[in-house]
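Chemist: This is start-v6.txt (compact mmCIF, C-alpha atoms).
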```
# COMPACT_ATOMS: atom_id res chain seq x y z
CA MET A 198 -9.34 19.78 -4.42
CA THR A 199 -8.67 20.24 -0.73
CA GLU A 200 -5.01 21.09 -0.13
CA PRO A 201 -3.04 18.61 2.01
CA ARG A 202 -2.94 19.45 5.70
CA PRO A 203 0.35 20.11 7.53
CA ASP A 204 0.60 16.56 8.88
CA HIS A 205 0.60 15.12 5.36
CA PRO A 206 3.89 14.15 3.76
CA PRO A 207 4.85 17.09 1.51
CA ARG A 208 3.08 16.79 -1.83
CA GLY A 209 6.24 17.76 -3.70
CA VAL A 210 7.97 14.61 -2.44
CA TRP A 211 5.40 12.40 -4.16
CA ASP A 212 5.13 14.53 -7.28
CA ARG A 213 8.89 14.10 -7.72
CA TYR A 214 8.75 10.37 -6.98
CA TRP A 215 5.86 9.58 -9.33
CA GLY A 216 7.01 12.17 -11.84
CA GLY A 217 10.29 10.31 -12.19
CA LYS A 218 8.41 7.31 -13.61
CA ALA A 219 7.67 7.60 -17.31
CA HIS A 220 5.39 4.58 -17.38
CA VAL A 221 3.45 2.55 -14.84
CA ALA A 222 5.57 -0.48 -15.83
CA ASP A 223 8.51 1.25 -14.10
CA VAL A 224 6.77 0.87 -10.72
CA TYR A 225 6.79 -2.34 -8.67
CA PRO A 226 3.41 -3.78 -7.66
CA ALA A 227 2.43 -3.69 -4.00
CA VAL A 228 4.51 -5.78 -1.61
CA SER A 229 1.37 -7.51 -0.30
CA ASP A 230 -0.96 -9.65 -2.36
CA LEU A 231 -3.81 -7.26 -1.69
CA LEU A 232 -6.16 -8.95 -4.14
CA ALA A 233 -5.85 -12.23 -2.24
CA GLU A 234 -6.48 -10.52 1.11
CA ILE A 235 -9.48 -8.64 -0.29
CA ALA A 236 -10.92 -11.83 -1.79
CA ARG A 237 -10.82 -13.56 1.61
CA GLY A 238 -13.10 -10.91 3.09
CA LEU A 239 -15.07 -9.96 -0.02
CA PRO A 240 -15.13 -12.96 -2.39
CA ASP A 241 -17.52 -11.39 -4.92
CA VAL A 242 -16.74 -7.75 -5.71
CA ARG A 243 -19.29 -7.36 -8.51
CA GLY A 244 -21.27 -4.17 -7.95
CA ARG A 245 -19.37 -3.33 -4.76
CA ARG A 246 -18.19 0.22 -4.13
CA ILE A 247 -14.46 0.27 -3.35
CA LEU A 248 -12.09 3.12 -2.47
CA GLU A 249 -8.30 3.09 -2.42
CA VAL A 250 -6.85 6.04 -0.50
CA GLY A 251 -3.38 7.31 -1.42
CA ALA A 252 -3.67 5.04 -4.42
CA GLY A 253 -0.44 5.76 -6.29
CA THR A 254 -0.69 3.72 -9.49
CA GLY A 255 -3.75 1.88 -8.13
CA ARG A 256 -2.98 -1.38 -9.92
CA GLU A 257 -5.19 -3.50 -7.70
CA GLY A 258 -8.12 -1.15 -8.14
CA HIS A 259 -8.00 -1.55 -11.91
CA GLU A 260 -8.10 -5.34 -11.49
CA LEU A 261 -11.02 -5.08 -9.05
CA ALA A 262 -12.84 -2.91 -11.59
CA ARG A 263 -12.17 -5.55 -14.26
CA ARG A 264 -13.85 -8.06 -11.93
CA GLY A 265 -16.97 -5.90 -11.77
CA ALA A 266 -16.42 -3.56 -8.80
CA ASN A 267 -17.09 0.17 -8.86
CA VAL A 268 -13.71 1.58 -7.88
CA TRP A 269 -12.50 5.05 -6.89
CA ALA A 270 -8.77 5.83 -6.50
CA LEU A 271 -7.87 8.93 -4.50
CA ASP A 272 -4.43 10.57 -4.43
CA PHE A 273 -3.22 14.14 -4.00
CA SER A 274 -0.42 13.75 -6.57
CA PRO A 275 -1.41 14.38 -10.19
CA GLU A 276 1.69 12.44 -11.22
CA ALA A 277 0.38 9.32 -9.47
CA LEU A 278 -2.98 9.70 -11.18
CA ARG A 279 -1.21 10.15 -14.52
CA LEU A 280 0.42 6.75 -14.10
CA SER A 281 -2.81 5.13 -12.96
CA ARG A 282 -4.59 6.45 -16.04
CA GLN A 283 -2.16 4.44 -18.19
CA ILE A 284 -3.60 1.16 -16.90
CA SER A 285 -7.26 1.54 -17.86
CA ASP A 286 -10.16 3.97 -17.84
CA HIS A 287 -12.33 1.76 -15.60
CA VAL A 288 -11.37 3.42 -12.27
CA ARG A 289 -12.65 6.82 -11.18
CA LEU A 290 -9.53 8.85 -10.41
CA VAL A 291 -9.95 11.56 -7.78
CA ARG A 292 -7.37 14.13 -6.77
CA GLY A 293 -8.03 14.88 -3.12
CA ASP A 294 -7.12 14.90 0.56
CA ALA A 295 -7.02 11.58 2.43
CA LEU A 296 -8.16 13.33 5.63
CA ALA A 297 -11.18 15.01 3.99
CA THR A 298 -12.33 12.80 1.15
CA PRO A 299 -15.09 14.18 -1.10
CA PHE A 300 -17.53 11.34 -0.37
CA PRO A 301 -20.70 11.12 1.77
CA ASP A 302 -20.87 9.05 4.94
CA ALA A 303 -21.22 5.28 4.49
CA SER A 304 -20.33 5.32 0.78
CA PHE A 305 -18.16 2.21 0.37
CA ASP A 306 -18.16 -1.54 0.95
CA LEU A 307 -14.35 -1.62 1.11
CA VAL A 308 -11.72 1.03 1.85
CA TYR A 309 -8.04 0.15 1.63
CA HIS A 310 -4.61 1.73 1.57
CA GLN A 311 -1.07 0.43 1.32
CA GLY A 312 2.07 2.30 2.28
CA LEU A 313 0.09 5.37 3.38
CA LEU A 314 -0.62 5.37 7.12
CA GLU A 315 3.08 5.33 8.06
CA HIS A 316 3.56 8.79 6.52
CA PHE A 317 1.21 10.49 9.02
CA ARG A 318 2.60 11.51 12.40
CA ASP A 319 -0.95 11.23 13.76
CA PRO A 320 -2.66 8.25 12.06
CA TRP A 321 -5.93 8.70 13.95
CA PRO A 322 -7.62 11.24 11.59
CA LEU A 323 -6.94 9.05 8.54
CA LEU A 324 -8.51 5.98 10.15
CA ARG A 325 -11.49 7.98 11.38
CA GLU A 326 -12.05 9.27 7.83
CA ASN A 327 -11.86 5.67 6.58
CA HIS A 328 -14.49 4.76 9.18
CA ARG A 329 -16.75 7.66 8.13
CA VAL A 330 -16.96 6.73 4.44
CA LEU A 331 -17.26 2.97 5.04
CA LYS A 332 -20.69 1.37 5.24
CA PRO A 333 -21.63 -0.48 8.45
CA GLY A 334 -20.45 -4.04 7.91
CA GLY A 335 -17.88 -2.88 5.35
CA LEU A 336 -14.19 -3.81 5.35
CA VAL A 337 -11.05 -1.75 5.80
CA LEU A 338 -7.62 -3.04 4.83
CA VAL A 339 -4.55 -1.22 6.16
CA ASP A 340 -1.07 -2.20 4.98
CA VAL A 341 2.09 -0.70 6.58
CA PRO A 342 5.82 -1.39 7.12
CA GLN A 343 6.47 -3.92 9.87
CA LYS A 344 8.62 -2.72 12.75
CA TYR A 345 10.95 -5.68 13.31
CA HIS A 346 12.73 -5.77 9.96
CA VAL A 347 16.06 -4.70 8.47
CA TYR A 348 14.06 -2.31 6.27
CA THR A 349 13.30 -0.28 9.40
CA LEU A 350 16.99 0.06 10.28
CA MET A 351 17.93 1.09 6.76
CA LYS A 352 15.05 3.53 6.52
CA HIS A 353 15.85 5.33 9.76
CA ALA A 354 19.53 5.59 8.86
CA LEU A 355 18.56 7.30 5.60
CA ILE A 356 16.01 9.52 7.35
CA ALA A 357 18.75 10.66 9.75
CA LEU A 358 20.91 11.53 6.73
CA ASN A 359 17.98 13.29 5.04
CA GLN A 360 18.26 10.81 2.17
CA TRP A 361 14.97 8.91 2.49
CA PHE A 362 12.85 9.42 -0.63
CA ALA A 363 9.61 9.88 1.34
CA GLY A 364 10.87 12.31 3.98
CA TRP A 365 9.50 11.15 7.33
CA GLU A 366 8.05 7.66 7.87
CA THR A 367 7.28 5.33 10.75
CA GLN A 368 6.36 1.64 11.15
CA PHE A 369 4.16 -0.63 13.27
CA SER A 370 4.31 -3.97 15.00
CA PRO A 371 1.40 -6.39 14.37
CA GLY A 372 0.00 -5.59 17.81
CA GLU A 373 0.31 -1.85 17.32
CA ILE A 374 -1.50 -1.73 13.98
CA ARG A 375 -4.25 -4.01 15.27
CA ALA A 376 -4.78 -1.88 18.38
CA LEU A 377 -4.79 1.33 16.33
CA VAL A 378 -7.44 0.07 13.93
CA GLU A 379 -9.62 -1.23 16.78
CA ARG A 380 -9.32 2.12 18.57
CA ALA A 381 -10.69 3.77 15.43
CA GLY A 382 -13.89 1.75 15.77
CA PHE A 383 -13.21 -1.35 13.66
CA ARG A 384 -13.32 -5.01 14.63
CA CYS A 385 -10.14 -6.79 13.53
CA GLU A 386 -10.68 -9.99 11.56
CA ARG A 387 -7.06 -10.93 10.85
CA VAL A 388 -3.48 -9.73 10.71
CA TYR A 389 -1.23 -10.83 7.84
CA GLY A 390 2.34 -10.36 6.62
CA TYR A 391 4.13 -10.31 3.26
CA GLY A 392 7.73 -10.15 2.17
CA MET A 393 9.21 -8.21 -0.73
CA ARG A 394 9.60 -9.78 -4.18
CA PRO A 395 12.28 -9.27 -5.41
CA GLY A 396 14.22 -8.78 -2.20
CA LEU A 397 15.25 -5.52 -0.60
CA LEU A 398 18.93 -5.82 -1.53
CA TYR A 399 18.14 -6.34 -5.21
CA ARG A 400 15.81 -3.34 -5.27
CA VAL A 401 18.35 -1.11 -3.53
CA ALA A 402 21.08 -2.21 -5.95
CA ARG A 403 18.81 -1.67 -8.96
CA GLU A 404 17.88 1.84 -7.81
CA ALA A 405 21.51 2.76 -7.12
CA LEU A 406 22.75 1.47 -10.48
CA GLN A 407 20.08 3.42 -12.36
CA ARG A 408 21.80 6.61 -11.22
CA TRP A 409 24.89 5.41 -13.11
CA GLY A 410 22.92 4.56 -16.22
CA VAL A 411 22.79 0.81 -15.57
CA ARG A 412 19.28 -0.63 -15.82
CA LEU A 413 18.70 -4.04 -14.27
CA PRO A 414 15.43 -5.86 -15.01
CA ARG A 415 12.65 -5.34 -12.45
CA TYR A 416 13.01 -8.99 -11.45
CA PRO A 417 16.34 -10.86 -11.39
CA ARG A 418 17.07 -13.28 -14.20
CA LEU A 419 19.24 -16.10 -12.92
CA GLY A 420 19.20 -18.48 -15.87
CA PRO A 421 19.76 -22.05 -14.66
CA LEU A 422 19.31 -20.91 -11.05
CA ASP A 423 15.77 -19.60 -11.63
CA GLY A 424 14.22 -22.86 -10.43
CA TRP A 425 16.09 -22.68 -7.12
CA TYR A 426 15.14 -19.03 -6.78
CA ARG A 427 11.43 -19.82 -7.21
CA ARG A 428 11.59 -22.67 -4.71
CA TRP A 429 13.34 -20.41 -2.20
CA HIS A 430 10.57 -17.83 -2.46
CA ALA A 431 7.89 -20.51 -2.22
CA ALA A 432 9.45 -21.65 1.08
CA LEU A 433 9.57 -18.06 2.32
CA ARG A 434 5.90 -17.59 1.44
CA ARG A 435 4.93 -20.65 3.49
CA LEU A 436 6.78 -19.15 6.45
CA GLU A 437 5.05 -15.80 5.92
CA ARG A 438 1.66 -17.52 6.06
CA SER A 439 2.51 -19.13 9.41
CA ALA A 440 1.78 -17.65 12.83
CA VAL A 441 5.17 -15.91 12.92
CA GLY A 442 4.75 -14.37 9.47
CA PRO A 443 3.50 -10.91 10.50
CA TYR A 444 6.49 -10.56 12.88
CA ILE A 445 9.23 -11.25 10.32
CA THR A 446 7.93 -9.81 7.05
CA LEU A 447 8.56 -6.36 5.62
CA THR A 448 4.85 -5.54 5.47
CA VAL A 449 2.15 -6.14 8.05
CA GLY A 450 -1.51 -5.60 7.34
CA VAL A 451 -4.85 -5.81 9.08
CA VAL A 452 -8.31 -6.55 7.73
CA ALA A 453 -11.10 -5.17 9.91
CA ARG A 454 -14.82 -4.51 9.76
CA ARG A 455 -16.93 -1.49 10.64
CA GLU A 456 -19.68 -2.81 12.90
CA ARG A 457 -21.84 0.30 13.19
```
Hey, can you dump this file as structure tokens for me?
Modeler:
Amino acid sequence: MTEPRPDHPPRGVWDRYWGGKAHVADVYPAVSDLLAEIARGLPDVRGRRILEVGAGTGREGHELARRGANVWALDFSPEALRLSRQISDHVRLVRGDALATPFPDASFDLVYHQGLLEHFRDPWPLLRENHRVLKPGGLVLVDVPQKYHVYTLMKHALIALNQWFAGWETQFSPGEIRALVERAGFRCERVYGYGMRPGLLYRVAREALQRWGVRLPRYPRLGPLDGWYRRWHAALRRLERSAVGPYITLTVGVVARRER
């Protein structure tokens, strides 16, 4: 394994984070519906070679493998790979460096990462490495925190207090992430946005209460109010899919293609 370079987030941060999870069921799925976004650009994944970089639990990769794709999941934390291994044995788990992946040029039909790019002070080398291992005509999907959100204010307050779980982290506007990906040599096909389910306040409260020995369910149970709760989130999802969606959601992503 290549050791992480100085501009990586410290490996110990992620070993502690993932190491604190006994089972993959303790970890929320991705904020974005990555499988839906991938299916729009790559409807049939059978036989396709797919790489997730900074995979964490790699849930989506295991589902893509179940659908017939050949999937590799790369992460430098052995604790993350331990959790991923609990899901299935259909994904090739690789412990390695996101800036120097152990793959030849033009190896993959799809490269994607979620919640990774924002941890690099210089995102350019990561995107160039994505470009290197992607086949001409292949797709890259990049998913990051969106700048204009209350999450950003909360995060930077905690960073200033040295209380943010991931150390240092940044964020991007829809225009910024699109421009960055295009500068790395990709042609942008679309920008999308997703909100958090369950909401940020519930997740913060759940995490805080766990420190006091109180364990709330991963998703709120509201009894007779569940129907209203589902309708509320359905309305939010329609707004997220509108033209303003990427500017108001917690996550913004871009799907782009390597042309040469």
Chemist: Would you mind listing what lies within 10 Å of range 333-337 of chain A as an MDAnalysis selection string, with only C-alpha atoms counted and same-chain residues fewer than 6 positions away left out?
Modeler: chainID A and resid 235 238:239 246:249 303:310 324 327 378 383:386 451:457
Chemist: What does the distance between CA of Arg237 in chain A and CA of Thr254 in chain A come to in Å, to one decimal place?
Modeler: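 One can read the CA of Arg237 in chain A to CA of Thr254 in chain A distance as 22.9 Å.
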Chemist: Just give me the gap between CA of Ala402 in chain A and CA of Gly390 in chain A in Å, one decimal is fine.
Modeler: 24.0 Å
Chemist: Please return the centre and edge lengths, in Å to one decimal, of a box with edges along x, y and z that contains all listed atoms of range 379-389 of chain A, widened by 4 Å on every side, as JSON.
Modeler:
```
{"center_x": -7.6, "center_y": -3.6, "center_z": 13.2, "size_x": 20.7, "size_y": 22.7, "size_z": 18.7}
```
Chemist: Do a neighbour search on Trp215 in chain A at 10 Å with all atoms listed in the file, toss out local chain neighbours closer than 6 positions, and write the hits as a VMD selection string.
Modeler: chain A and resid 209 221 223 to 224 253 to 254 274 to 280
Chemist: Taking into account all atoms listed in the file, which residue in the set A:Ala295, A:Ala222, A:Leu271, A:Leu314 is nearest to Gly258 in chain A?
Modeler: A:Leu271
Chemist: For Pro322 in chain A, list every protein, DNA or RNA residue within 12 Å, evaluated using only C-alpha atoms, and leave out those in the same chain fewer than 5 positions away; present the list as a PDB file with C-alpha atoms, in the frame of the given file.
Modeler:
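Output (out_4.pdb):
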```
ATOM      1  CA  ARG A 202      -2.940  19.450   5.700  1.00  0.00           C
ATOM      2  CA  ASP A 204       0.600  16.560   8.880  1.00  0.00           C
ATOM      3  CA  HIS A 205       0.600  15.120   5.360  1.00  0.00           C
ATOM      4  CA  ASP A 294      -7.120  14.900   0.560  1.00  0.00           C
ATOM      5  CA  ALA A 295      -7.020  11.580   2.430  1.00  0.00           C
ATOM      6  CA  LEU A 296      -8.160  13.330   5.630  1.00  0.00           C
ATOM      7  CA  ALA A 297     -11.180  15.010   3.990  1.00  0.00           C
ATOM      8  CA  THR A 298     -12.330  12.800   1.150  1.00  0.00           C
ATOM      9  CA  LEU A 314      -0.620   5.370   7.120  1.00  0.00           C
ATOM     10  CA  PHE A 317       1.210  10.490   9.020  1.00  0.00           C
ATOM     11  CA  ASN A 327     -11.860   5.670   6.580  1.00  0.00           C
ATOM     12  CA  HIS A 328     -14.490   4.760   9.180  1.00  0.00           C
ATOM     13  CA  ARG A 329     -16.750   7.660   8.130  1.00  0.00           C
ATOM     14  CA  LEU A 377      -4.790   1.330  16.330  1.00  0.00           C
ATOM     15  CA  VAL A 378      -7.440   0.070  13.930  1.00  0.00           C
ATOM     16  CA  ARG A 380      -9.320   2.120  18.570  1.00  0.00           C
ATOM     17  CA  ALA A 381     -10.690   3.770  15.430  1.00  0.00           C
TER      18      ALA A 381
END
```
Chemist: When you look at Pro371 in chain A with a cut-off of 7 Å (counting only C-alpha atoms), what residues show up, excluding the ones that are within fewer than 5 positions of it in the same chain? I need them as an MDAnalysis selection string.
Modeler: chainID A and resid 388 443:444 449
